[in-house]
Amino acid sequence: SFESPAPRSHLHCTLPKYLLHSLKKSTTSMLYRSVCIALLLASASALTFNVDPSKEECLYDEIQSGTKVSGSFQVSTGGFLDIDCKVSGPDERSIYAVKKETEGRFTFIAHESGVYKFCFSNVMSTVTPKTVSFSLVVGEPNKSQVAKSEHVTPLEKSVLALSEGLAQIQAEQEYMRMRERAHRNTSESTNTRVLVWSLLEAGALVAMCAVQIFYLRRFFETKSRV
């Protein structure tokens, strides 16, 4: 079983010392508060797990209504590198669903508050387990639920915009890491197969040479006796 990411309310915010000392006291206080808010509003989770043959693994996360959610997955090892993926909301309504895909990405706005389910099914395979890398970025809920526009300073707005950009960059980097991992596994598997095939070819060549030498010697031995 898999656990949902830790509640975002338990996050702590710390800033580098050089940033704190380079700003004025009032500006530093406001910036510190803005960055803390931005960090609390967005969270990212990534994990890699195995899905056994003919099994389904599901992950759950409690998400507030109006929250932007982005995710990506990739199968790195196992069989034909394919998996079924389904995302459903608290009302069991399907939000995203694909079958026999090696990788995929999705983005949606939570239509209601509750527990959202992210399931990966390997029912099409009866022998081979699959290794799946999954990344989930849960953004901020609707800004109207956090603060009114007149209560947010331009600096805080800029920090919130930067936070959204950083979350997108983080998701993209995680996606590229998953692709790099899958490509590395494919390359290593190909190299292993080439090595094994080369050894088999070398062994077959040596065996053919030995058989030819044996028959030639038998041929000349028979001629000499005649």
# chains A, B, ... in the order shown; residues from 1 in each chain; ligands from 1

$ closest_atom_pairs --of "region 57-133 of chain A" --to "region 166-185 of chain A" --cutoff "10 Å" --atoms "only C-alpha atoms" --output "Markdown table"
| residue | atom | partner | partner_atom | distance |
| --- | --- | --- | --- | --- |
| A:Ser70 | CA | A:Ala171 | CA | 7.9 |
| A:Gly71 | CA | A:Ala171 | CA | 7.7 |
| A:Ser72 | CA | A:Tyr175 | CA | 6.5 |
| A:Phe73 | CA | A:Tyr175 | CA | 7.6 |
| A:Gln74 | CA | A:Met178 | CA | 6.4 |
| A:Val75 | CA | A:Ala182 | CA | 7.0 |
| A:Ser76 | CA | A:Ala182 | CA | 4.3 |
| A:Thr77 | CA | A:Asn185 | CA | 7.1 |
| A:Leu81 | CA | A:Ala182 | CA | 9.2 |
| A:Thr102 | CA | A:Ala182 | CA | 9.7 |
| A:Glu103 | CA | A:Arg179 | CA | 8.6 |
| A:Gly104 | CA | A:Tyr175 | CA | 9.6 |
| A:Arg105 | CA | A:Tyr175 | CA | 8.9 |
| A:Thr131 | CA | A:Ala182 | CA | 9.8 |
| A:Val132 | CA | A:Met178 | CA | 9.2 |
| A:Ser133 | CA | A:Met178 | CA | 6.4 |

$ residues_around --residues "Glu92 (chain A)" --least-positions-apart "6" --cutoff "10 Å" --atoms "only C-alpha atoms" --output "list in words"
Val115, Tyr116 and Lys117 of chain A

$ closest_residue --among "A:Ser158, A:Ser94, A:Ser189, A:Asn122" --to "Glu57 (chain A)" --atoms "only C-alpha atoms"
A:Asn122

$ select_by_dssp --residues "region 132-218 of chain A" --states "helix (DSSP H, G or I)" --output "PyMOL selection string"
chain A and resi 143-146+149-151+154-218

$ atom_distance --atom1 "CA of Asn191 (chain A)" --atom2 "CA of Phe80 (chain A)"
17.3 Å

$ atom_distance --atom1 "CA of Lys99 (chain A)" --atom2 "CA of Gly79 (chain A)"
14.6 Å

$ select_by_dssp --residues "region 39-189 of chain A" --states "strand (DSSP E or B)" --output "ChimeraX atom specification"
/A:43-51,56-63,68-77,83-88,94-101,103-109,114-121,130-138

$ atom_distance --atom1 "CA of Phe120 (chain A)" --atom2 "CA of Lys55 (chain A)"
8.6 Å
